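Each remark here refers to the structure printed beneath this line.
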Amino acid sequence: MPSTKFLKSLCLFAAILLSAATGRAEQYSDAQAGFSYELPDDWILRTVGNKKFKVAFGRMSEGGPANIGIILNDCDKNLGLCLLRDLNDMAKLYEKSGFTGFHVIDTHAFETAHQQVGIKGVIECKRVDGKLLRQSFYYFERKDGAKIVVSCSATGVGDTYDNIFDEILKSFRVTR
């Protein structure tokens, strides 16, 4: 029969392995803007320039080719019309900036693990340096009608981050 000391050691070891295997997600929230979401443990939050909200960068183990930013949008239409308006404006802006091949890949409803329904749009284009830019935009609406746009971008890696972005955004919660 195993000793009590051995069983305690085994339990401690199992707890350490479990915490290492599951990792700790970092929660990012802003009560005033009305959102929260969780990032995987190999992503980091940074303040970037004069942006109102921190930007998440990840997977740091791969050199951080992806990022997630938050934008408050003043569109007074429904989520679908706001997304379409913004994609149209973005196509024009990117073209003026020298980006080529802008195209919308997909738009569809998106539901979080908290049963909050938003809309998602995915685009691709070539940057001035020739690298492929893929962006996913997730739109959510607060109770006061303000729109929260989560912009997820990955450069040079195609669609490899689509599922990662979806998993992260499944934790998204509108809090006001």
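The chains in the structure tokens are called A, B, ... from first to last as shown; in each chain the residues are counted from 1, and the ligands are counted from 1 in the order shown.
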Problem set entry | Shell of 12 Å around A:Leu83, only C-alpha atoms, local chain residues under 3 positions omitted, as a ChimeraX atom specification | /A:73-80,86-90,104,106-109,118-123,136-141,147-151
How would the residues just chosen look if you wrote them out with N, CA and C atoms as a short mmCIF file (atom, residue, chain, number, x, y, z; two decimals), in the first residue's frame?
```cif
data_model
loop_
_atom_site.label_atom_id
_atom_site.label_comp_id
_atom_site.auth_asym_id
_atom_site.auth_seq_id
_atom_site.Cartn_x
_atom_site.Cartn_y
_atom_site.Cartn_z
N ASN A 73 -16.97 51.21 -32.66
CA ASN A 73 -17.48 51.67 -33.94
C ASN A 73 -18.76 52.45 -33.71
N ASP A 74 -18.89 53.58 -34.37
CA ASP A 74 -20.07 54.43 -34.18
C ASP A 74 -21.18 54.18 -35.20
N CYS A 75 -21.11 53.07 -35.90
CA CYS A 75 -22.12 52.75 -36.91
C CYS A 75 -23.50 52.60 -36.24
N ASP A 76 -24.50 53.26 -36.80
CA ASP A 76 -25.84 53.19 -36.20
C ASP A 76 -26.77 52.22 -36.94
N LYS A 77 -26.20 51.36 -37.76
CA LYS A 77 -26.97 50.35 -38.50
C LYS A 77 -26.87 49.01 -37.77
N ASN A 78 -27.49 47.97 -38.36
CA ASN A 78 -27.35 46.64 -37.76
C ASN A 78 -25.93 46.12 -38.03
N LEU A 79 -25.55 45.05 -37.32
CA LEU A 79 -24.19 44.55 -37.41
C LEU A 79 -23.78 44.20 -38.84
N GLY A 80 -24.66 43.55 -39.59
CA GLY A 80 -24.34 43.15 -40.96
C GLY A 80 -24.06 44.35 -41.85
N ASP A 86 -17.95 48.85 -43.54
CA ASP A 86 -16.54 48.92 -43.17
C ASP A 86 -15.65 48.16 -44.16
N LEU A 87 -16.11 47.01 -44.65
CA LEU A 87 -15.33 46.27 -45.63
C LEU A 87 -15.18 47.06 -46.93
N ASN A 88 -16.24 47.74 -47.35
CA ASN A 88 -16.20 48.58 -48.54
C ASN A 88 -15.20 49.73 -48.36
N ASP A 89 -15.28 50.39 -47.19
CA ASP A 89 -14.34 51.49 -46.90
C ASP A 89 -12.90 50.98 -46.82
N MET A 90 -12.73 49.80 -46.23
CA MET A 90 -11.40 49.23 -46.08
C MET A 90 -10.78 48.90 -47.45
N VAL A 104 -13.15 39.83 -50.15
CA VAL A 104 -13.87 39.30 -49.00
C VAL A 104 -14.00 37.80 -49.20
N ASP A 106 -15.41 35.67 -46.68
CA ASP A 106 -16.61 35.13 -46.04
C ASP A 106 -17.20 36.14 -45.08
N THR A 107 -18.50 36.10 -44.92
CA THR A 107 -19.19 36.80 -43.82
C THR A 107 -20.25 35.83 -43.30
N HIS A 108 -20.38 35.75 -41.98
CA HIS A 108 -21.39 34.87 -41.40
C HIS A 108 -21.60 35.21 -39.93
N ALA A 109 -22.68 34.69 -39.38
CA ALA A 109 -22.96 34.89 -37.95
C ALA A 109 -21.91 34.14 -37.14
N GLY A 118 -22.77 37.59 -32.85
CA GLY A 118 -22.22 38.71 -33.60
C GLY A 118 -22.12 38.31 -35.05
N ILE A 119 -21.29 39.02 -35.79
CA ILE A 119 -21.07 38.70 -37.19
C ILE A 119 -19.58 38.75 -37.46
N LYS A 120 -19.14 37.90 -38.35
CA LYS A 120 -17.72 37.80 -38.67
C LYS A 120 -17.52 38.00 -40.17
N GLY A 121 -16.48 38.74 -40.52
CA GLY A 121 -16.07 38.90 -41.91
C GLY A 121 -14.59 38.60 -42.03
N VAL A 122 -14.20 37.96 -43.11
CA VAL A 122 -12.80 37.60 -43.35
C VAL A 122 -12.37 38.16 -44.69
N ILE A 123 -11.19 38.81 -44.72
CA ILE A 123 -10.65 39.37 -45.96
C ILE A 123 -9.21 38.93 -46.15
N SER A 136 -9.65 38.87 -39.87
CA SER A 136 -11.01 38.48 -39.48
C SER A 136 -11.54 39.58 -38.57
N PHE A 137 -12.76 40.01 -38.84
CA PHE A 137 -13.40 41.06 -38.05
C PHE A 137 -14.65 40.47 -37.41
N TYR A 138 -14.73 40.60 -36.10
CA TYR A 138 -15.87 40.11 -35.34
C TYR A 138 -16.61 41.32 -34.78
N TYR A 139 -17.88 41.45 -35.11
CA TYR A 139 -18.69 42.59 -34.67
C TYR A 139 -19.69 42.13 -33.62
N PHE A 140 -19.73 42.88 -32.51
CA PHE A 140 -20.69 42.62 -31.44
C PHE A 140 -21.37 43.93 -31.08
N GLU A 141 -22.58 43.85 -30.54
CA GLU A 141 -23.33 45.05 -30.19
C GLU A 141 -23.57 45.11 -28.68
N LYS A 147 -21.12 49.52 -31.25
CA LYS A 147 -20.55 48.30 -31.81
C LYS A 147 -19.11 48.14 -31.33
N ILE A 148 -18.76 46.91 -30.97
CA ILE A 148 -17.39 46.55 -30.62
C ILE A 148 -16.87 45.69 -31.77
N VAL A 149 -15.77 46.12 -32.38
CA VAL A 149 -15.18 45.38 -33.48
C VAL A 149 -13.85 44.80 -32.99
N VAL A 150 -13.70 43.50 -33.15
CA VAL A 150 -12.45 42.84 -32.80
C VAL A 150 -11.76 42.51 -34.12
N SER A 151 -10.60 43.12 -34.33
CA SER A 151 -9.84 42.94 -35.56
C SER A 151 -8.70 41.95 -35.30
#
```
If you count only C-alpha atoms, which residues fall within 12 Å of stretch 27-35 of chain A, apart from same-chain ones fewer than 3 positions away, as a PDB file with N, CA and C atoms, in the first residue's frame?
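The resulting file, around-v8.pdb, is shown below:
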```pdb
ATOM      1  N   ARG A  24      -2.372  28.924 -18.510  1.00  0.00           N
ATOM      2  CA  ARG A  24      -3.259  29.897 -17.877  1.00  0.00           C
ATOM      3  C   ARG A  24      -3.636  30.933 -18.914  1.00  0.00           C
ATOM      4  N   GLU A  38     -10.492  36.041 -23.255  1.00  0.00           N
ATOM      5  CA  GLU A  38      -9.322  35.345 -22.729  1.00  0.00           C
ATOM      6  C   GLU A  38      -8.344  35.032 -23.837  1.00  0.00           C
ATOM      7  N   LEU A  39      -7.063  35.187 -23.507  1.00  0.00           N
ATOM      8  CA  LEU A  39      -5.988  34.879 -24.442  1.00  0.00           C
ATOM      9  C   LEU A  39      -5.260  33.619 -24.004  1.00  0.00           C
ATOM     10  N   PRO A  40      -4.780  32.818 -24.946  1.00  0.00           N
ATOM     11  CA  PRO A  40      -3.951  31.671 -24.579  1.00  0.00           C
ATOM     12  C   PRO A  40      -2.677  32.136 -23.881  1.00  0.00           C
ATOM     13  N   ASP A  41      -2.045  31.238 -23.165  1.00  0.00           N
ATOM     14  CA  ASP A  41      -0.891  31.623 -22.355  1.00  0.00           C
ATOM     15  C   ASP A  41       0.318  32.075 -23.157  1.00  0.00           C
ATOM     16  N   TRP A  43       0.250  34.167 -25.662  1.00  0.00           N
ATOM     17  CA  TRP A  43      -0.050  35.479 -26.248  1.00  0.00           C
ATOM     18  C   TRP A  43       0.257  36.533 -25.192  1.00  0.00           C
ATOM     19  N   ILE A  44       0.595  37.745 -25.650  1.00  0.00           N
ATOM     20  CA  ILE A  44       0.867  38.837 -24.713  1.00  0.00           C
ATOM     21  C   ILE A  44       0.079  40.073 -25.111  1.00  0.00           C
ATOM     22  N   LEU A  45      -0.249  40.882 -24.110  1.00  0.00           N
ATOM     23  CA  LEU A  45      -0.927  42.163 -24.325  1.00  0.00           C
ATOM     24  C   LEU A  45       0.097  43.284 -24.238  1.00  0.00           C
ATOM     25  N   ARG A  46      -0.001  44.224 -25.170  1.00  0.00           N
ATOM     26  CA  ARG A  46       0.911  45.368 -25.158  1.00  0.00           C
ATOM     27  C   ARG A  46       0.139  46.642 -25.467  1.00  0.00           C
ATOM     28  N   LYS A  52      -6.420  53.113 -28.006  1.00  0.00           N
ATOM     29  CA  LYS A  52      -7.214  53.170 -26.781  1.00  0.00           C
ATOM     30  C   LYS A  52      -7.159  51.861 -25.986  1.00  0.00           C
ATOM     31  N   PHE A  53      -7.069  50.746 -26.702  1.00  0.00           N
ATOM     32  CA  PHE A  53      -7.059  49.431 -26.056  1.00  0.00           C
ATOM     33  C   PHE A  53      -5.756  48.713 -26.361  1.00  0.00           C
ATOM     34  N   LYS A  54      -5.364  47.825 -25.458  1.00  0.00           N
ATOM     35  CA  LYS A  54      -4.156  47.039 -25.673  1.00  0.00           C
ATOM     36  C   LYS A  54      -4.353  46.116 -26.874  1.00  0.00           C
ATOM     37  N   VAL A  55      -3.244  45.745 -27.481  1.00  0.00           N
ATOM     38  CA  VAL A  55      -3.243  44.821 -28.613  1.00  0.00           C
ATOM     39  C   VAL A  55      -2.628  43.511 -28.136  1.00  0.00           C
ATOM     40  N   ALA A  56      -3.250  42.410 -28.507  1.00  0.00           N
ATOM     41  CA  ALA A  56      -2.741  41.084 -28.164  1.00  0.00           C
ATOM     42  C   ALA A  56      -1.859  40.584 -29.303  1.00  0.00           C
ATOM     43  N   ILE A  68      -4.477  40.888 -32.250  1.00  0.00           N
ATOM     44  CA  ILE A  68      -5.898  41.141 -32.039  1.00  0.00           C
ATOM     45  C   ILE A  68      -6.036  42.530 -31.439  1.00  0.00           C
ATOM     46  N   GLY A  69      -6.855  43.357 -32.069  1.00  0.00           N
ATOM     47  CA  GLY A  69      -7.119  44.700 -31.571  1.00  0.00           C
ATOM     48  C   GLY A  69      -8.610  44.938 -31.429  1.00  0.00           C
ATOM     49  N   ILE A  70      -8.957  45.914 -30.622  1.00  0.00           N
ATOM     50  CA  ILE A  70     -10.354  46.265 -30.358  1.00  0.00           C
ATOM     51  C   ILE A  70     -10.613  47.682 -30.863  1.00  0.00           C
ATOM     52  N   ILE A  71     -11.766  47.873 -31.483  1.00  0.00           N
ATOM     53  CA  ILE A  71     -12.175  49.185 -31.991  1.00  0.00           C
ATOM     54  C   ILE A  71     -13.638  49.400 -31.583  1.00  0.00           C
ATOM     55  N   LEU A  72     -13.950  50.581 -31.098  1.00  0.00           N
ATOM     56  CA  LEU A  72     -15.360  50.934 -30.885  1.00  0.00           C
ATOM     57  C   LEU A  72     -15.830  51.637 -32.153  1.00  0.00           C
ATOM     58  N   ASN A  73     -16.967  51.207 -32.662  1.00  0.00           N
ATOM     59  CA  ASN A  73     -17.480  51.671 -33.939  1.00  0.00           C
ATOM     60  C   ASN A  73     -18.760  52.451 -33.708  1.00  0.00           C
ATOM     61  N   GLN A 116     -23.572  34.863 -27.088  1.00  0.00           N
ATOM     62  CA  GLN A 116     -23.673  36.214 -27.638  1.00  0.00           C
ATOM     63  C   GLN A 116     -23.401  36.117 -29.133  1.00  0.00           C
ATOM     64  N   TYR A 139     -17.877  41.453 -35.105  1.00  0.00           N
ATOM     65  CA  TYR A 139     -18.693  42.589 -34.669  1.00  0.00           C
ATOM     66  C   TYR A 139     -19.686  42.130 -33.616  1.00  0.00           C
ATOM     67  N   PHE A 140     -19.729  42.880 -32.514  1.00  0.00           N
ATOM     68  CA  PHE A 140     -20.689  42.622 -31.441  1.00  0.00           C
ATOM     69  C   PHE A 140     -21.366  43.935 -31.080  1.00  0.00           C
ATOM     70  N   GLU A 141     -22.578  43.848 -30.537  1.00  0.00           N
ATOM     71  CA  GLU A 141     -23.328  45.051 -30.186  1.00  0.00           C
ATOM     72  C   GLU A 141     -23.573  45.105 -28.683  1.00  0.00           C
ATOM     73  N   ARG A 142     -23.298  46.292 -28.117  1.00  0.00           N
ATOM     74  CA  ARG A 142     -23.612  46.515 -26.706  1.00  0.00           C
ATOM     75  C   ARG A 142     -25.092  46.841 -26.565  1.00  0.00           C
ATOM     76  N   LYS A 143     -25.568  46.840 -25.328  1.00  0.00           N
ATOM     77  CA  LYS A 143     -26.983  47.149 -25.074  1.00  0.00           C
ATOM     78  C   LYS A 143     -27.355  48.557 -25.500  1.00  0.00           C
ATOM     79  N   ASP A 144     -26.380  49.483 -25.457  1.00  0.00           N
ATOM     80  CA  ASP A 144     -26.663  50.864 -25.863  1.00  0.00           C
ATOM     81  C   ASP A 144     -26.557  51.073 -27.376  1.00  0.00           C
ATOM     82  N   GLY A 145     -26.329  49.979 -28.130  1.00  0.00           N
ATOM     83  CA  GLY A 145     -26.260  50.055 -29.583  1.00  0.00           C
ATOM     84  C   GLY A 145     -24.857  50.264 -30.146  1.00  0.00           C
ATOM     85  N   ALA A 146     -23.899  50.634 -29.298  1.00  0.00           N
ATOM     86  CA  ALA A 146     -22.519  50.816 -29.774  1.00  0.00           C
ATOM     87  C   ALA A 146     -21.970  49.473 -30.241  1.00  0.00           C
ATOM     88  N   LYS A 147     -21.121  49.520 -31.252  1.00  0.00           N
ATOM     89  CA  LYS A 147     -20.546  48.303 -31.815  1.00  0.00           C
ATOM     90  C   LYS A 147     -19.111  48.142 -31.334  1.00  0.00           C
ATOM     91  N   ILE A 148     -18.764  46.909 -30.970  1.00  0.00           N
ATOM     92  CA  ILE A 148     -17.389  46.553 -30.624  1.00  0.00           C
ATOM     93  C   ILE A 148     -16.873  45.694 -31.771  1.00  0.00           C
ATOM     94  N   VAL A 149     -15.774  46.122 -32.381  1.00  0.00           N
ATOM     95  CA  VAL A 149     -15.175  45.379 -33.481  1.00  0.00           C
ATOM     96  C   VAL A 149     -13.849  44.804 -32.991  1.00  0.00           C
ATOM     97  N   VAL A 150     -13.700  43.501 -33.151  1.00  0.00           N
ATOM     98  CA  VAL A 150     -12.453  42.836 -32.802  1.00  0.00           C
ATOM     99  C   VAL A 150     -11.760  42.509 -34.123  1.00  0.00           C
ATOM    100  N   ILE A 168     -10.361  31.936 -29.538  1.00  0.00           N
ATOM    101  CA  ILE A 168     -10.181  33.081 -28.631  1.00  0.00           C
ATOM    102  C   ILE A 168     -11.479  33.879 -28.542  1.00  0.00           C
ATOM    103  N   LEU A 169     -12.105  34.138 -29.687  1.00  0.00           N
ATOM    104  CA  LEU A 169     -13.323  34.954 -29.696  1.00  0.00           C
ATOM    105  C   LEU A 169     -14.535  34.223 -29.144  1.00  0.00           C
ATOM    106  N   SER A 171     -14.526  33.118 -26.315  1.00  0.00           N
ATOM    107  CA  SER A 171     -14.535  33.578 -24.925  1.00  0.00           C
ATOM    108  C   SER A 171     -14.989  35.034 -24.804  1.00  0.00           C
ATOM    109  N   PHE A 172     -15.210  35.712 -25.941  1.00  0.00           N
ATOM    110  CA  PHE A 172     -15.585  37.125 -25.912  1.00  0.00           C
ATOM    111  C   PHE A 172     -16.923  37.312 -25.229  1.00  0.00           C
ATOM    112  N   ARG A 173     -17.001  38.376 -24.456  1.00  0.00           N
ATOM    113  CA  ARG A 173     -18.232  38.698 -23.742  1.00  0.00           C
ATOM    114  C   ARG A 173     -18.472  40.195 -23.782  1.00  0.00           C
ATOM    115  N   VAL A 174     -19.656  40.582 -24.206  1.00  0.00           N
ATOM    116  CA  VAL A 174     -20.084  41.977 -24.115  1.00  0.00           C
ATOM    117  C   VAL A 174     -20.603  42.155 -22.697  1.00  0.00           C
ATOM    118  N   THR A 175     -20.058  43.141 -21.984  1.00  0.00           N
ATOM    119  CA  THR A 175     -20.383  43.274 -20.552  1.00  0.00           C
ATOM    120  C   THR A 175     -21.237  44.494 -20.230  1.00  0.00           C
ATOM    121  N   ARG A 176     -21.623  45.245 -21.241  1.00  0.00           N
ATOM    122  CA  ARG A 176     -22.532  46.373 -20.971  1.00  0.00           C
ATOM    123  C   ARG A 176     -23.449  46.671 -22.123  1.00  0.00           C
TER     124      ARG A 176
END
```
For this session: Give me the residues within 9 Å of A:Gly158 as a ChimeraX atom specification, counting only C-alpha atoms and dropping any in the same chain fewer than 3 places off.
Result: /A:124,132-134,154-155,161-162
Problem set entry | Who sits within 7 Å of A:Lys170, only C-alpha atoms, same chain under 4 positions skipped, as a PyMOL selection string | chain A and resi 112-113+166
What would the file look like if the residues just selected were written as a PDB file, in the first residue's frame with C-alpha atoms?
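Below is the file part_26.pdb, written as the result:
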```pdb
ATOM      1  CA  THR A 112     -19.589  32.964 -28.474  1.00  0.00           C
ATOM      2  CA  ALA A 113     -19.539  30.372 -25.703  1.00  0.00           C
ATOM      3  CA  ASP A 166     -12.363  31.686 -33.469  1.00  0.00           C
TER       4      ASP A 166
END
```
For this session: Check chain A with DSSP on the backbone and list each residue it calls strand (DSSP E), as number ranges by chain.
Result: A: 26-30, 35-39, 44-46, 55-58, 66-73, 100-111, 117-126, 132-141, 147-155, 173-174
Exercise. In Å, with one decimal, what is the gap from atom CA of A:Cys152 to atom CA of A:Ile105?
Worked result: 14.4 Å
